[in-house]
$ cat work-v3.txt   # compact mmCIF, C-alpha atoms
# COMPACT_ATOMS: atom_id res chain seq x y z
CA MET A 1 -1.87 11.84 -5.78
CA ALA A 2 -0.34 8.48 -6.76
CA VAL A 3 -0.89 5.76 -9.36
CA TYR A 4 0.67 2.31 -9.35
CA GLY A 5 0.68 -0.56 -11.82
CA GLU A 6 2.27 -3.99 -11.98
CA ARG A 7 2.04 -7.11 -14.14
CA ARG A 8 2.47 -10.08 -11.86
CA PHE A 9 4.84 -12.66 -13.29
CA LEU A 10 4.50 -10.89 -16.67
CA LEU A 11 0.99 -12.29 -17.19
CA SER A 12 -1.65 -9.95 -18.63
CA GLU A 13 -4.33 -11.86 -16.67
CA LEU A 14 -2.66 -10.72 -13.43
CA ASN A 15 -2.55 -6.98 -14.01
CA ASN A 16 -2.81 -4.94 -10.82
CA TYR A 17 -3.56 -1.18 -10.80
CA ALA A 18 -4.22 1.31 -8.01
CA ALA A 19 -4.81 5.07 -7.73
CA VAL A 20 -4.90 7.20 -4.57
CA VAL A 21 -5.76 10.84 -3.94
CA GLY A 22 -5.15 12.43 -0.53
CA LEU A 23 -6.17 15.77 0.93
CA LYS A 24 -4.65 17.43 3.99
CA THR A 25 -6.91 19.61 6.13
CA ASN A 26 -6.83 21.15 9.61
CA SER A 27 -9.35 18.50 10.69
CA GLY A 28 -7.27 15.54 9.49
CA ASN A 29 -6.35 13.85 6.22
CA PHE A 30 -8.87 12.42 3.75
CA GLY A 31 -8.20 9.95 0.97
CA VAL A 32 -9.85 8.07 -1.91
CA LYS A 33 -8.44 4.81 -3.28
CA ALA A 34 -9.40 2.78 -6.36
CA GLY A 35 -7.96 -0.62 -7.27
CA TYR A 36 -8.29 -3.16 -10.10
CA PHE A 37 -6.86 -6.67 -10.36
CA GLY A 38 -7.32 -9.25 -13.12
CA PHE A 39 -8.60 -9.09 -16.69
CA SER A 40 -11.89 -9.04 -18.61
CA ASP A 41 -13.03 -12.58 -17.70
CA TYR A 42 -12.14 -12.30 -14.02
CA ASN A 43 -11.42 -9.17 -12.06
CA GLU A 44 -11.54 -7.72 -8.56
CA THR A 45 -12.20 -4.03 -7.88
CA GLN A 46 -12.11 -1.89 -4.79
CA ILE A 47 -13.06 1.68 -3.94
CA GLY A 48 -12.08 3.00 -0.52
CA LEU A 49 -12.66 6.15 1.52
CA ALA A 50 -10.08 6.89 4.22
CA TYR A 51 -9.59 9.32 7.10
CA ALA A 52 -6.53 9.78 9.32
CA ARG A 53 -5.30 12.26 11.89
CA LYS A 54 -2.73 12.82 14.61
CA LEU A 55 -3.48 12.35 18.29
CA GLY A 56 -0.81 14.54 19.80
CA THR A 57 2.80 14.03 18.74
CA LYS A 58 3.12 10.30 19.48
CA VAL A 59 0.11 8.62 17.85
CA ASP A 60 -1.44 8.65 14.35
CA ILE A 61 -4.70 6.82 13.64
CA GLY A 62 -6.65 6.04 10.48
CA ALA A 63 -9.61 4.11 9.10
CA GLN A 64 -10.81 3.15 5.64
CA PHE A 65 -14.16 1.84 4.37
CA ASN A 66 -14.10 -0.24 1.19
CA TYR A 67 -16.56 -1.35 -1.48
CA ASN A 68 -15.23 -4.61 -2.97
CA GLY A 69 -16.43 -6.19 -6.20
CA ILE A 70 -15.78 -9.46 -8.06
CA LYS A 71 -16.78 -10.06 -11.67
CA ILE A 72 -16.53 -13.44 -13.41
CA GLY A 73 -17.31 -13.83 -17.10
CA GLY A 74 -19.97 -16.18 -18.44
CA ILE A 75 -22.87 -17.32 -16.27
CA TYR A 76 -21.25 -16.52 -12.91
CA GLY A 77 -21.92 -12.76 -12.92
CA SER A 78 -20.70 -10.46 -10.17
CA ALA A 79 -20.89 -9.91 -6.41
CA SER A 80 -19.92 -7.22 -3.94
CA ALA A 81 -19.09 -6.78 -0.26
CA ILE A 82 -18.34 -3.99 2.23
CA SER A 83 -15.26 -4.08 4.44
CA PHE A 84 -13.21 -1.74 6.60
CA GLU A 85 -9.67 -1.46 7.94
CA ILE A 86 -8.09 0.46 10.79
CA GLY A 87 -4.53 1.25 11.77
CA THR A 88 -2.32 3.25 14.08
CA ILE A 89 1.31 4.40 14.13
CA LEU A 90 3.17 4.90 17.40
CA HIS A 91 6.17 7.24 17.36
CA ILE A 92 8.14 5.59 20.16
CA SER A 93 11.05 7.95 19.63
CA GLU A 94 12.34 10.26 16.95
CA LYS A 95 13.91 7.30 15.14
CA LEU A 96 11.80 4.30 16.21
CA HIS A 97 8.20 3.80 15.02
CA ALA A 98 5.68 0.96 15.34
CA GLY A 99 2.41 0.29 13.55
CA ILE A 100 -0.64 -1.96 13.80
CA HIS A 101 -3.04 -2.60 10.92
CA ILE A 102 -6.27 -4.63 10.96
CA ASN A 103 -8.05 -5.34 7.68
CA ASN A 104 -11.60 -6.69 7.64
CA PRO A 105 -11.82 -8.03 11.22
CA VAL A 106 -15.52 -8.95 10.92
CA GLY A 107 -15.35 -10.67 7.52
CA GLY A 108 -17.33 -9.03 4.70
CA LYS A 109 -19.17 -11.66 2.64
CA PHE A 110 -19.85 -11.79 -1.11
CA GLY A 111 -23.51 -12.67 -1.58
CA LYS A 112 -25.20 -15.23 0.67
CA ASP A 113 -22.49 -17.89 0.61
CA PRO A 114 -20.59 -17.64 3.95
CA GLN A 115 -17.49 -19.20 2.36
CA GLU A 116 -17.21 -16.42 -0.22
CA LYS A 117 -15.74 -13.78 2.06
CA ILE A 118 -12.88 -11.33 2.29
CA ALA A 119 -10.04 -12.67 4.40
CA SER A 120 -9.14 -10.93 7.65
CA VAL A 121 -5.54 -9.71 7.87
CA TYR A 122 -3.66 -8.57 10.98
CA SER A 123 -0.19 -7.02 10.84
CA PHE A 124 2.33 -5.42 13.15
CA GLY A 125 5.47 -3.63 12.04
CA VAL A 126 8.47 -1.70 13.37
CA GLY A 127 10.60 0.81 11.48
CA TYR A 128 13.91 2.37 12.51
CA ASP A 129 15.66 5.42 11.03
CA ALA A 130 19.26 4.37 11.57
CA SER A 131 20.42 7.63 9.99
CA ASP A 132 19.24 10.35 7.63
CA LYS A 133 20.09 8.00 4.75
CA PHE A 134 19.28 4.50 6.02
CA PHE A 135 15.91 3.05 7.12
CA VAL A 136 15.08 -0.55 8.03
CA SER A 137 11.73 -2.20 8.85
CA VAL A 138 10.14 -5.55 9.62
CA GLU A 139 6.47 -6.56 9.54
CA ILE A 140 4.68 -9.67 10.84
CA GLU A 141 1.45 -10.41 8.96
CA LYS A 142 -1.21 -13.04 9.61
CA GLU A 143 -3.89 -13.60 6.99
CA GLU A 144 -6.89 -15.78 7.75
CA ASP A 145 -6.23 -19.46 6.91
CA GLN A 146 -2.67 -18.66 5.81
CA PRO A 147 0.71 -19.11 7.55
CA VAL A 148 2.41 -16.18 9.26
CA ASN A 149 4.28 -13.97 6.81
CA VAL A 150 7.33 -11.86 7.66
CA ASN A 151 8.20 -8.89 5.45
CA ALA A 152 11.56 -7.21 5.91
CA GLY A 153 12.93 -4.25 3.98
CA MET A 154 15.45 -1.45 3.92
CA GLN A 155 15.91 1.87 2.15
CA TYR A 156 19.05 3.86 1.44
CA LYS A 157 19.22 7.45 0.16
CA PHE A 158 22.28 8.11 -1.95
CA ILE A 159 21.22 11.76 -2.19
CA PRO A 160 17.90 13.38 -1.16
CA GLN A 161 16.59 12.89 -4.72
CA LEU A 162 17.70 9.27 -5.26
CA MET A 163 16.96 6.20 -3.13
CA ALA A 164 17.15 2.42 -3.38
CA ARG A 165 15.06 -0.24 -1.62
CA ALA A 166 15.21 -3.99 -1.13
CA GLY A 167 13.19 -6.54 0.80
CA VAL A 168 11.97 -10.11 1.21
CA SER A 169 8.67 -11.83 2.01
CA SER A 170 8.85 -15.18 3.81
CA ALA A 171 5.43 -16.62 2.91
CA THR A 172 6.00 -16.49 -0.85
CA SER A 173 9.83 -16.66 -0.82
CA THR A 174 9.77 -13.43 -2.81
CA ALA A 175 12.52 -10.83 -2.99
CA TRP A 176 12.14 -7.32 -4.39
CA ILE A 177 14.25 -4.30 -5.25
CA GLY A 178 13.29 -0.75 -6.17
CA LEU A 179 14.72 2.57 -7.23
CA GLY A 180 13.10 5.94 -6.51
CA LEU A 181 13.77 9.34 -8.07
CA ILE A 182 12.37 12.64 -6.75
CA VAL A 183 12.27 15.77 -8.92
CA LYS A 184 10.62 18.70 -7.09
CA SER A 185 7.02 17.58 -6.42
CA PHE A 186 7.21 14.51 -8.70
CA ARG A 187 8.43 11.04 -7.74
CA VAL A 188 8.99 7.90 -9.83
CA ASP A 189 9.55 4.45 -8.32
CA ILE A 190 10.52 1.40 -10.37
CA THR A 191 10.22 -1.97 -8.61
CA THR A 192 10.82 -5.61 -9.46
CA ASN A 193 9.68 -8.63 -7.45
CA TYR A 194 11.21 -12.05 -8.03
CA HIS A 195 9.67 -15.44 -7.26
CA PRO A 196 11.98 -18.45 -7.77
CA GLN A 197 9.33 -20.50 -9.59
CA LEU A 198 6.97 -17.91 -11.11
CA GLY A 199 9.45 -15.26 -12.24
CA ILE A 200 9.49 -11.48 -12.05
CA THR A 201 6.83 -8.84 -11.43
CA PRO A 202 7.71 -5.36 -12.73
CA GLY A 203 5.97 -2.36 -11.19
CA LEU A 204 5.84 1.41 -11.61
CA LEU A 205 4.72 4.09 -9.11
CA LEU A 206 4.10 7.72 -10.05
CA LEU A 207 3.47 10.21 -7.24
CA PHE A 208 2.76 13.91 -7.41
CA GLU A 209 2.38 16.25 -4.43
CA PHE A 210 0.30 19.36 -4.97
CA LYS A 211 1.79 22.21 -3.00
CA PRO A 212 -0.21 25.33 -2.15
CA SER A 213 0.83 28.38 -4.09
CA THR A 214 2.58 31.14 -2.17
CA PRO A 215 0.20 34.07 -1.58
CA LYS A 216 1.23 37.37 -3.11
CA GLY A 217 3.14 39.49 -0.67
CA GLU A 218 4.83 36.45 0.91
CA GLU A 219 7.18 35.73 -1.98
CA ARG A 220 10.83 36.28 -1.24

$ encode --input "work-v3.txt" --output "structure tokens"
Amino acid sequence: MAVYGERRFLLSELNNYAAVVGLKTNSGNFGVKAGYFGFSDYNETQIGLAYARKLGTKVDIGAQFNYNGIKIGGIYGSASAISFEIGTILHISEKLHAGIHINNPVGGKFGKDPQEKIASVYSFGVGYDASDKFFVSVEIEKEEDQPVNVNAGMQYKFIPQLMARAGVSSATSTAWIGLGLIVKSFRVDITTNYHPQLGITPGLLLLFEFKPSTPKGEER
């Protein structure tokens, strides 16, 4: 289970919140996601249902179906649309991994206006575990009607319980840093994005992993 919140550029009108719950089973992994962006006069919401599983030891696949809503105050009202996204991760080697993600390839529309639609987004990324402590990744992202965006990041573990992250995004000229702390099944991540014209965006992630209790008779 995880919850995340950020206030983009320190503006209350640009609040962004998300919550995710995942469940592991022998038949695959299931997840539920809820998101909210905006404020009372304008906001976007999303509820998603996801499923993912392994195909052998080299390939992971997943899909998510989303219900998207927009609400505008005054006479404009609200609208909704259905979308879906798919992705796969390829474990090329023990240290090298690649992923492909496709979001809304067919273009879900809000109402009857064909111009009011959810943008399609295609992305491809590669991650490399240089060591047990250091990880580096790069992602190429293409959103509909937008220039190509390159995201690059790295993570370093000082100790298993403490890690630091940093990265950049080319399309928005944004840089970010983060610090993560793990205490047993609980994890806290503090992040800060910086845009040279718009300022900073603070964020907070809280993650908790429910672990099955040890059956009686197996305790040691």

$ atom_distance --input "work-v3.txt" --atom1 "CA of Phe65 (chain A)" --atom2 "CA of Asn43 (chain A)"
20.0 Å

$ closest_residue --input "work-v3.txt" --among "A:Met154, A:Asp132, A:Gln161, A:Ile70" --to "Ile118 (chain A)" --atoms "only C-alpha atoms"
A:Ile70

$ residues_around --input "work-v3.txt" --residues "Thr191 (chain A)" --least-positions-apart "4" --cutoff "9 Å" --atoms "only C-alpha atoms" --output "list of chain:residue names"
A:Glu6, A:Arg165, A:Trp176, A:Ile177, A:Gly178, A:Leu179, A:Gly180, A:Thr201, A:Pro202, A:Gly203, A:Leu204, A:Leu205

$ write_last_selection --input "work-v3.txt" --atoms "C-alpha atoms" --output "PDB file, in the coordinates of the input"
ATOM      1  CA  GLU A   6       2.270  -3.990 -11.980  1.00  0.00           C
ATOM      2  CA  ARG A 165      15.060  -0.240  -1.620  1.00  0.00           C
ATOM      3  CA  TRP A 176      12.140  -7.320  -4.390  1.00  0.00           C
ATOM      4  CA  ILE A 177      14.250  -4.300  -5.250  1.00  0.00           C
ATOM      5  CA  GLY A 178      13.290  -0.750  -6.170  1.00  0.00           C
ATOM      6  CA  LEU A 179      14.720   2.570  -7.230  1.00  0.00           C
ATOM      7  CA  GLY A 180      13.100   5.940  -6.510  1.00  0.00           C
ATOM      8  CA  THR A 201       6.830  -8.840 -11.430  1.00  0.00           C
ATOM      9  CA  PRO A 202       7.710  -5.360 -12.730  1.00  0.00           C
ATOM     10  CA  GLY A 203       5.970  -2.360 -11.190  1.00  0.00           C
ATOM     11  CA  LEU A 204       5.840   1.410 -11.610  1.00  0.00           C
ATOM     12  CA  LEU A 205       4.720   4.090  -9.110  1.00  0.00           C
TER      13      LEU A 205
END

$ atom_distance --input "work-v3.txt" --atom1 "CA of Gly167 (chain A)" --atom2 "CA of Ala152 (chain A)"
5.4 Å

$ atom_distance --input "work-v3.txt" --atom1 "CA of Met163 (chain A)" --atom2 "CA of Ser185 (chain A)"
15.5 Å

$ residues_around --input "work-v3.txt" --residues "Ile72 (chain A)" --least-positions-apart "3" --cutoff "8 Å" --atoms "all atoms listed in the file" --output "list of chain:residue names"
A:Asp41, A:Tyr42, A:Asn43, A:Ile75, A:Tyr76, A:Gly77, A:Ser78

$ write_last_selection --input "work-v3.txt" --atoms "C-alpha atoms" --output "PDB file, in the frame of the given file"
ATOM      1  CA  ASP A  41     -13.030 -12.580 -17.700  1.00  0.00           C
ATOM      2  CA  TYR A  42     -12.140 -12.300 -14.020  1.00  0.00           C
ATOM      3  CA  ASN A  43     -11.420  -9.170 -12.060  1.00  0.00           C
ATOM      4  CA  ILE A  75     -22.870 -17.320 -16.270  1.00  0.00           C
ATOM      5  CA  TYR A  76     -21.250 -16.520 -12.910  1.00  0.00           C
ATOM      6  CA  GLY A  77     -21.920 -12.760 -12.920  1.00  0.00           C
ATOM      7  CA  SER A  78     -20.700 -10.460 -10.170  1.00  0.00           C
TER       8      SER A  78
END
